[in-house]
Every structure is written in structure tokens, then in C-alpha cells.
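Shown next: work-v5.txt, containing compact mmCIF, C-alpha atoms and all ligand atoms.
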```txt
# COMPACT_ATOMS: atom_id res chain seq x y z
CA MET B 1 27.37 7.52 13.13
CA ARG B 2 24.01 6.61 14.66
CA VAL B 3 22.30 3.78 12.84
CA PRO B 4 18.93 5.07 11.54
CA ARG B 5 15.84 3.58 13.17
CA VAL B 6 13.08 2.87 10.69
CA GLY B 7 9.73 1.40 11.65
CA VAL B 8 7.68 -0.98 9.56
CA LEU B 9 3.96 -1.11 10.32
CA ALA B 10 3.63 -4.78 11.21
CA LEU B 11 -0.10 -5.33 11.70
CA GLN B 12 -0.56 -7.36 8.52
CA GLY B 13 1.03 -7.84 5.10
CA ASP B 14 4.62 -8.23 3.91
CA PHE B 15 6.34 -6.22 6.66
CA ALA B 16 9.04 -8.90 7.12
CA CYS B 17 10.31 -8.35 3.57
CA HIS B 18 10.66 -4.60 4.17
CA ALA B 19 12.47 -5.30 7.43
CA ALA B 20 14.87 -7.58 5.52
CA SER B 21 15.54 -4.86 2.93
CA LEU B 22 16.21 -2.31 5.68
CA GLY B 23 18.46 -4.76 7.49
CA ALA B 24 20.45 -5.43 4.32
CA LEU B 25 21.15 -1.69 4.12
CA GLY B 26 22.39 -1.66 7.70
CA VAL B 27 19.36 0.16 9.05
CA ASP B 28 17.72 -0.75 12.35
CA GLY B 29 14.27 -1.88 11.15
CA ARG B 30 11.66 -2.07 13.92
CA ARG B 31 8.20 -3.55 13.90
CA VAL B 32 5.41 -1.15 14.79
CA THR B 33 2.24 -2.61 16.27
CA ARG B 34 1.51 -0.15 19.13
CA PRO B 35 1.58 3.65 19.46
CA GLN B 36 4.71 3.63 21.62
CA ASP B 37 6.62 1.75 18.90
CA LEU B 38 6.67 4.99 16.91
CA ASP B 39 8.76 6.77 19.54
CA GLY B 40 12.27 7.61 18.38
CA LEU B 41 11.82 6.43 14.79
CA ASP B 42 13.49 8.38 11.99
CA ALA B 43 11.09 7.12 9.30
CA LEU B 44 8.32 4.60 8.72
CA VAL B 45 7.33 2.06 6.05
CA LEU B 46 3.71 1.11 5.40
CA PRO B 47 3.91 -2.30 3.69
CA GLY B 48 1.76 -4.03 1.15
CA GLY B 49 -1.04 -6.28 2.30
CA GLU B 50 -4.74 -5.63 2.56
CA SER B 51 -5.61 -1.99 3.14
CA THR B 52 -9.09 -2.74 4.54
CA THR B 53 -7.65 -5.11 7.16
CA MET B 54 -4.82 -2.73 7.98
CA LEU B 55 -7.20 0.17 8.53
CA ARG B 56 -9.35 -1.95 10.87
CA LEU B 57 -6.28 -3.04 12.81
CA ILE B 58 -4.98 0.55 12.99
CA GLU B 59 -8.26 1.59 14.65
CA GLY B 60 -8.19 -1.49 16.90
CA GLN B 61 -4.62 -0.79 18.06
CA ARG B 62 -5.41 2.91 18.65
CA LEU B 63 -2.77 3.80 16.12
CA ARG B 64 -4.80 6.27 14.05
CA GLU B 65 -3.90 9.51 15.83
CA PRO B 66 -0.25 8.56 16.55
CA LEU B 67 0.15 7.63 12.88
CA GLU B 68 -1.49 10.88 11.73
CA ARG B 69 1.02 12.82 13.84
CA PHE B 70 3.94 10.75 12.58
CA LEU B 71 2.89 11.07 8.93
CA SER B 72 2.59 14.86 9.22
CA GLU B 73 6.18 15.16 10.47
CA LYS B 74 8.43 12.28 9.50
CA PRO B 75 9.42 10.50 6.26
CA VAL B 76 7.13 7.67 5.19
CA LEU B 77 7.32 5.10 2.39
CA GLY B 78 4.08 3.31 1.50
CA THR B 79 4.05 0.38 -0.90
CA CYS B 80 0.92 -1.02 -2.56
CA ALA B 81 -1.67 -1.15 0.26
CA GLY B 82 0.58 1.46 1.90
CA VAL B 83 -0.09 3.94 -0.90
CA ILE B 84 -3.82 3.32 -0.49
CA LEU B 85 -3.48 4.33 3.18
CA LEU B 86 -1.49 7.46 2.28
CA GLY B 87 -3.80 8.54 -0.56
CA GLY B 88 -6.81 10.79 -0.64
CA ASP B 89 -9.69 8.71 -1.89
CA SER B 90 -9.76 4.99 -2.55
CA ALA B 91 -13.27 3.80 -1.73
CA PRO B 92 -14.54 1.44 -0.50
CA LEU B 93 -12.57 1.37 2.76
CA PRO B 94 -13.77 0.79 6.33
CA ALA B 95 -12.18 4.06 7.51
CA PRO B 96 -10.82 7.08 5.67
CA PRO B 97 -7.24 6.85 4.38
CA PHE B 98 -4.70 9.30 5.84
CA GLY B 99 -4.82 11.69 2.88
CA VAL B 100 -1.21 12.86 3.05
CA LEU B 101 -0.72 12.35 -0.69
CA ASP B 102 -3.18 14.18 -2.93
CA VAL B 103 -3.80 11.26 -5.28
CA SER B 104 -6.89 9.25 -6.19
CA VAL B 105 -6.16 5.56 -6.02
CA GLU B 106 -8.26 2.76 -7.46
CA ARG B 107 -7.90 -0.37 -5.37
CA ASN B 108 -7.24 -3.56 -7.36
CA GLY B 109 -7.01 -1.31 -10.41
CA TYR B 110 -5.53 -4.02 -12.67
CA GLY B 111 -7.99 -6.73 -11.66
CA ARG B 112 -7.95 -9.69 -9.33
CA GLN B 113 -5.08 -11.68 -7.80
CA ILE B 114 -4.66 -13.68 -11.02
CA ASP B 115 -4.06 -10.43 -12.90
CA SER B 116 -0.94 -9.64 -10.82
CA PHE B 117 2.15 -9.09 -12.97
CA CYS B 118 5.76 -7.97 -13.23
CA ALA B 119 6.62 -5.01 -15.45
CA GLU B 120 9.58 -2.79 -15.99
CA ILE B 121 9.24 0.64 -14.54
CA GLU B 122 11.17 3.82 -15.15
CA ALA B 123 12.39 5.96 -12.28
CA LYS B 124 15.07 8.63 -12.65
CA ALA B 125 15.37 8.75 -8.87
CA VAL B 126 16.95 5.28 -8.84
CA GLY B 127 18.89 5.68 -12.08
CA GLY B 128 16.44 4.33 -14.66
CA ARG B 129 14.81 0.95 -15.04
CA PHE B 130 13.56 -1.05 -12.09
CA PRO B 131 11.73 -4.40 -11.87
CA GLY B 132 8.15 -3.67 -10.81
CA VAL B 133 6.21 -6.38 -8.97
CA PHE B 134 2.49 -5.58 -9.01
CA ILE B 135 0.30 -7.75 -6.79
CA ARG B 136 -3.40 -6.92 -6.89
CA ALA B 137 -2.00 -3.45 -7.16
CA PRO B 138 -3.79 -0.17 -6.82
CA ARG B 139 -3.82 2.20 -9.77
CA ILE B 140 -3.13 5.91 -9.43
CA ARG B 141 -5.93 7.63 -11.34
CA ARG B 142 -5.31 11.27 -10.43
CA VAL B 143 -2.20 13.09 -9.26
CA GLY B 144 -2.78 16.42 -7.50
CA PRO B 145 -0.62 19.50 -8.16
CA SER B 146 1.35 19.08 -4.91
CA VAL B 147 2.47 15.59 -5.90
CA GLU B 148 5.47 14.63 -8.04
CA VAL B 149 5.54 11.42 -10.07
CA VAL B 150 8.77 9.52 -9.33
CA ALA B 151 8.08 6.25 -11.15
CA TRP B 152 6.26 5.34 -14.35
CA ARG B 153 5.10 2.04 -15.73
CA ARG B 154 5.78 1.63 -19.43
CA SER B 155 2.90 0.23 -21.38
CA ASP B 156 3.76 -2.96 -23.25
CA GLY B 157 6.34 -2.32 -25.94
CA ALA B 158 5.94 1.44 -25.75
CA GLU B 159 8.96 3.68 -25.70
CA GLU B 160 7.11 6.42 -23.88
CA ALA B 161 6.57 6.28 -20.16
CA SER B 162 2.89 5.74 -19.52
CA GLU B 163 1.20 5.71 -16.12
CA PRO B 164 2.35 6.88 -12.69
CA VAL B 165 3.25 4.07 -10.26
CA GLY B 166 5.31 6.06 -7.76
CA VAL B 167 4.53 9.44 -6.23
CA ARG B 168 6.14 11.79 -3.75
CA ARG B 169 5.20 14.84 -1.78
CA GLY B 170 8.04 16.16 0.34
CA ASN B 171 9.16 13.32 2.57
CA THR B 172 6.17 11.08 1.78
CA VAL B 173 6.55 8.47 -0.97
CA GLY B 174 3.94 6.03 -2.31
CA LEU B 175 4.70 3.16 -4.71
CA THR B 176 2.03 0.89 -6.16
CA PHE B 177 4.58 -1.92 -6.63
CA HIS B 178 6.76 -3.96 -4.25
CA PRO B 179 10.51 -3.17 -4.27
CA GLU B 180 10.83 -5.26 -1.10
CA LEU B 181 9.95 -8.39 -3.11
CA THR B 182 12.99 -7.96 -5.34
CA SER B 183 16.67 -8.19 -4.51
CA ASP B 184 17.12 -4.64 -5.77
CA LEU B 185 17.62 -2.19 -2.89
CA ARG B 186 17.72 1.02 -4.89
CA PHE B 187 14.26 2.28 -3.91
CA HIS B 188 14.82 1.68 -0.22
CA ARG B 189 18.26 3.29 -0.42
CA TRP B 190 16.86 6.33 -2.27
CA PHE B 191 14.01 6.73 0.23
CA LEU B 192 16.33 6.54 3.22
CA ALA B 193 19.18 8.66 1.86
CA GLU B 194 17.56 11.19 -0.46
CA VAL B 195 14.00 11.51 0.83
CA ALA B 196 14.54 10.96 4.55
CA GLY B 197 18.08 12.41 4.59
CA LEU B 198 19.41 9.54 6.71
CA ASP B 199 22.93 8.14 6.71
CA VAL B 200 22.60 4.65 5.26
CA PRO B 201 25.35 2.41 6.67
CA GLU B 202 25.06 -0.09 3.75
CA ALA B 203 26.60 -2.86 5.87
CA PRO B 204 23.99 -5.51 6.66
CA VAL B 205 23.05 -5.80 10.34
CA SER B 206 23.73 -9.30 11.56
CA GLY B 207 20.66 -11.49 11.61
CA ALA B 208 18.93 -9.36 8.96
CA THR B 209 18.96 -12.14 6.39
CA THR B 210 15.68 -13.95 6.81
CA GLY B 211 15.55 -15.89 3.58
CA THR B 212 12.81 -13.67 2.18
CA PRO B 213 13.18 -12.75 -1.49
CA ALA B 214 14.43 -9.31 -0.49
CA ALA B 215 17.25 -10.79 1.52
CA ARG B 216 18.76 -12.78 -1.32
CA GLY B 217 21.24 -11.73 -3.98
CA ARG B 218 21.69 -8.12 -3.07
CA SER B 219 22.53 -5.51 -5.65
N1 LIG L 1 -5.34 -5.03 -3.17
C1 LIG L 1 -4.79 -4.68 -1.90
C2 LIG L 1 -5.65 -3.64 -1.19
O1 LIG L 1 -6.61 -3.23 -1.67
C3 LIG L 1 -3.36 -4.18 -2.03
C4 LIG L 1 -2.47 -5.30 -2.52
C5 LIG L 1 -1.05 -5.22 -2.07
O2 LIG L 1 -0.68 -4.51 -1.13
N2 LIG L 1 -0.23 -6.05 -2.68
O3 LIG L 1 -5.31 -3.26 -0.11
```
What does this structure look like when you write it as C-alpha cells?
Amino acid sequence: MRVPRVGVLALQGDFACHAASLGALGVDGRRVTRPQDLDGLDALVLPGGESTTMLRLIEGQRLREPLERFLSEKPVLGTCAGVILLGGDSAPLPAPPFGVLDVSVERNGYGRQIDSFCAEIEAKAVGGRFPGVFIRAPRIRRVGPSVEVVAWRRSDGAEEASEPVGVRRGNTVGLTFHPELTSDLRFHRWFLAEVAGLDVPEAPVSGATTGTPAARGRS
């Protein structure tokens, strides 16, 4: 079995935590900083960080067109700032987002850094409840007809699922929270196996443990 090769856009943000999660699942996680780094990848992760900075660096590294091509063909998981890049409109940004998910995203939709929070989310795709880490998170304000909601945030104390925090269109997934900052690998596993159709080895690649939160206490 060929070990899947999955890129993590590594211009800025928490790419190392995603790489640790991929490594813990036995996947060959590769940093992407230049157009040629996309060659031969089976899928890509756009990490959390600062979407404005990432967009500037994408232009500076001449990654815009190669990424557009990649996103139109291959599986992509965007988390937090990553979902801003994948979305349709999320002004103000220094360059247009990629628009592969028909969603409107409000940047910093819950407030400032101090308003970051953890909340339980509900996602059938990963078997139910999941710990959601929201850091200056974007808020999905509109979901277009082509887009499926795969994760909901429950409002405090409410039994009913409330607002969308994870969306999918085909092989493109956007999450407003950070599964890579937990020790729970279910979202990465689901993306790789079910969305991207890759064989996930499950055995950690040696050297993958970096001491990041995602590398500790695996489920
Ligand atoms: N607030 C950031 C932005 O606008 C996203 C935060 C995150 O990725 N944790 O890009």
C-alpha cells in the first residue's frame, strides 16, 4: 500500500499541528511553500492562522494559480483561516478568496482573540460529539445550495443543533474550528478516508510526534 502524501500549506499559521495529526495517522505530511511542492500530492490542508497574511504570502510565492488548479481537482481540508480562503466572500481581504465553497464567512465572527472558546460540536460524519476549539474563528453566515453542513455548534445548553461550523462540497471541506489542536484524530481520519478516499495506514510515521497538542494522547 502506498502511503498517502498530503500537503499542508506552510506559509504561516498552525501547519505543524496538522502535520503532526497526519503523521499520527501514518500519512506522509509535506509542507507546501512553493508551487512545485504541490506535485504528486493526494490532498492538501489549509491550516488556521491569519487569512490576510496567508493570502499575501500566496501571491508573493506565486502560489495562487497552482493552488486554484489543485483546489479544482484534489481533496482539500481548510480549518479556520483555511475556510476563509476556501469561501466565497469574507471581506475585508487583500485578495479574493478561492471561492470553491459557496459560503459567506464573517471573519472574527465571535469577536476578538479574548473571545476565543471551546464548545462541543455535533458531527455525524465522525460519529457524534467532537471538542471544538474556536480561536478568533470565522462564522459561516450563509450556506449555498451546493454545500452540505457536516458539523454544527450547539448553542449553550440547547438540545438542538444550532449553527454550521463545518461544510463540505464534494472533496472540499471547511471547518471553522481546529481539530488539529486536540488529540482527537477523527476529523482528519474522516477527511482522508471518506472524503479523499485514501488508505489511511493508522500507524504513526516515526518522527511524527513533535510534542504539539495534536501529537499527544491519541484517540
Ligand atoms: N481570525 C483569523 C482570520 O481572519 C482566523 C483565525 C484562525 O485561523 N484561528 O484569518
message = Using all atoms listed in the file - which residues lie no farther than 8 Å from the point (27.6, -5.4, 2.7) in the file's frame? Write them as an NGL selection string.
response = :B and (24-25 or 202-204)
For the selection just defined, write its residues with C-alpha atoms to a file, as a PDB file, in the frame of the given file.
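Printed below is result_34.pdb as written:
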```pdb
ATOM      1  CA  ALA B  24      20.450  -5.430   4.320  1.00  0.00           C
ATOM      2  CA  LEU B  25      21.150  -1.690   4.120  1.00  0.00           C
ATOM      3  CA  GLU B 202      25.060  -0.090   3.750  1.00  0.00           C
ATOM      4  CA  ALA B 203      26.600  -2.860   5.870  1.00  0.00           C
ATOM      5  CA  PRO B 204      23.990  -5.510   6.660  1.00  0.00           C
TER       6      PRO B 204
END
```
key: ligand LIG 1 (chain L) neighbours within 10 Å using only C-alpha atoms and all ligand atoms, as a PyMOL selection string   = chain B and resi 13-14+46-55+78-85+90-93+105-113+116+133-139+176-178
task = Could you check how far atom CA of Cys17 of chain B sits from atom CA of Leu181 of chain B, in Å to one decimal?
result =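 Atom-to-atom, atom CA of Cys17 of chain B to atom CA of Leu181 of chain B, that is 6.7 Å.
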ask   = Can you tell me how far atom CA of Asp102 of chain B sits from atom CA of Leu86 of chain B, in Å to one decimal?
value =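 Between these atoms lies a distance of 8.7 Å.
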request  = Using only C-alpha atoms, pick whichever of B:Gly26, B:Gly174, B:Pro97, B:Pro131 has the shortest atom-to-atom distance to Pro201 of chain B.
outcome  =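 Of B:Gly26, B:Gly174, B:Pro97, B:Pro131, the one nearest Pro201 of chain B, counting only C-alpha atoms, is B:Gly26.
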Atom pair atom CA of Val173 of chain B / atom CA of Val126 of chain B: separation (Å) =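 So the two atoms, atom CA of Val173 of chain B and atom CA of Val126 of chain B, lie 13.4 Å apart.
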Near-Glu148 of chain B list (7 Å; only C-alpha atoms; drop same-chain fewer than 6 positions) as a list in words = Val167, Arg168 and Arg169 of chain B
Fix up segment 35-47 of chain B with N, CA and C atoms, then write it as a PDB file, keeping the file's coordinate frame.
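For reference, selection.pdb as written:
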```
ATOM      1  N   PRO B  35       1.196   2.234  19.566  1.00  0.00           N
ATOM      2  CA  PRO B  35       1.580   3.650  19.460  1.00  0.00           C
ATOM      3  C   PRO B  35       2.996   3.916  19.963  1.00  0.00           C
ATOM      4  N   GLN B  36       3.385   3.320  21.057  1.00  0.00           N
ATOM      5  CA  GLN B  36       4.710   3.630  21.620  1.00  0.00           C
ATOM      6  C   GLN B  36       5.860   3.150  20.733  1.00  0.00           C
ATOM      7  N   ASP B  37       5.569   2.223  19.813  1.00  0.00           N
ATOM      8  CA  ASP B  37       6.620   1.750  18.900  1.00  0.00           C
ATOM      9  C   ASP B  37       7.088   2.840  17.945  1.00  0.00           C
ATOM     10  N   LEU B  38       6.285   3.907  17.823  1.00  0.00           N
ATOM     11  CA  LEU B  38       6.670   4.990  16.910  1.00  0.00           C
ATOM     12  C   LEU B  38       7.695   5.928  17.538  1.00  0.00           C
ATOM     13  N   ASP B  39       7.839   5.854  18.853  1.00  0.00           N
ATOM     14  CA  ASP B  39       8.760   6.770  19.540  1.00  0.00           C
ATOM     15  C   ASP B  39      10.194   6.562  19.057  1.00  0.00           C
ATOM     16  N   GLY B  40      10.842   7.657  18.733  1.00  0.00           N
ATOM     17  CA  GLY B  40      12.270   7.610  18.380  1.00  0.00           C
ATOM     18  C   GLY B  40      12.575   7.108  16.982  1.00  0.00           C
ATOM     19  N   LEU B  41      11.542   6.898  16.162  1.00  0.00           N
ATOM     20  CA  LEU B  41      11.820   6.430  14.790  1.00  0.00           C
ATOM     21  C   LEU B  41      12.183   7.608  13.892  1.00  0.00           C
ATOM     22  N   ASP B  42      13.098   7.354  12.953  1.00  0.00           N
ATOM     23  CA  ASP B  42      13.490   8.380  11.990  1.00  0.00           C
ATOM     24  C   ASP B  42      12.584   8.373  10.763  1.00  0.00           C
ATOM     25  N   ALA B  43      11.948   7.250  10.486  1.00  0.00           N
ATOM     26  CA  ALA B  43      11.090   7.120   9.300  1.00  0.00           C
ATOM     27  C   ALA B  43      10.237   5.867   9.489  1.00  0.00           C
ATOM     28  N   LEU B  44       9.250   5.725   8.600  1.00  0.00           N
ATOM     29  CA  LEU B  44       8.320   4.600   8.720  1.00  0.00           C
ATOM     30  C   LEU B  44       8.007   4.034   7.336  1.00  0.00           C
ATOM     31  N   VAL B  45       7.775   2.713   7.284  1.00  0.00           N
ATOM     32  CA  VAL B  45       7.330   2.060   6.050  1.00  0.00           C
ATOM     33  C   VAL B  45       5.941   1.476   6.293  1.00  0.00           C
ATOM     34  N   LEU B  46       5.024   1.757   5.375  1.00  0.00           N
ATOM     35  CA  LEU B  46       3.710   1.110   5.400  1.00  0.00           C
ATOM     36  C   LEU B  46       3.737   0.040   4.314  1.00  0.00           C
ATOM     37  N   PRO B  47       3.675  -1.225   4.663  1.00  0.00           N
ATOM     38  CA  PRO B  47       3.910  -2.300   3.690  1.00  0.00           C
ATOM     39  C   PRO B  47       2.683  -2.597   2.824  1.00  0.00           C
TER      40      PRO B  47
END
```
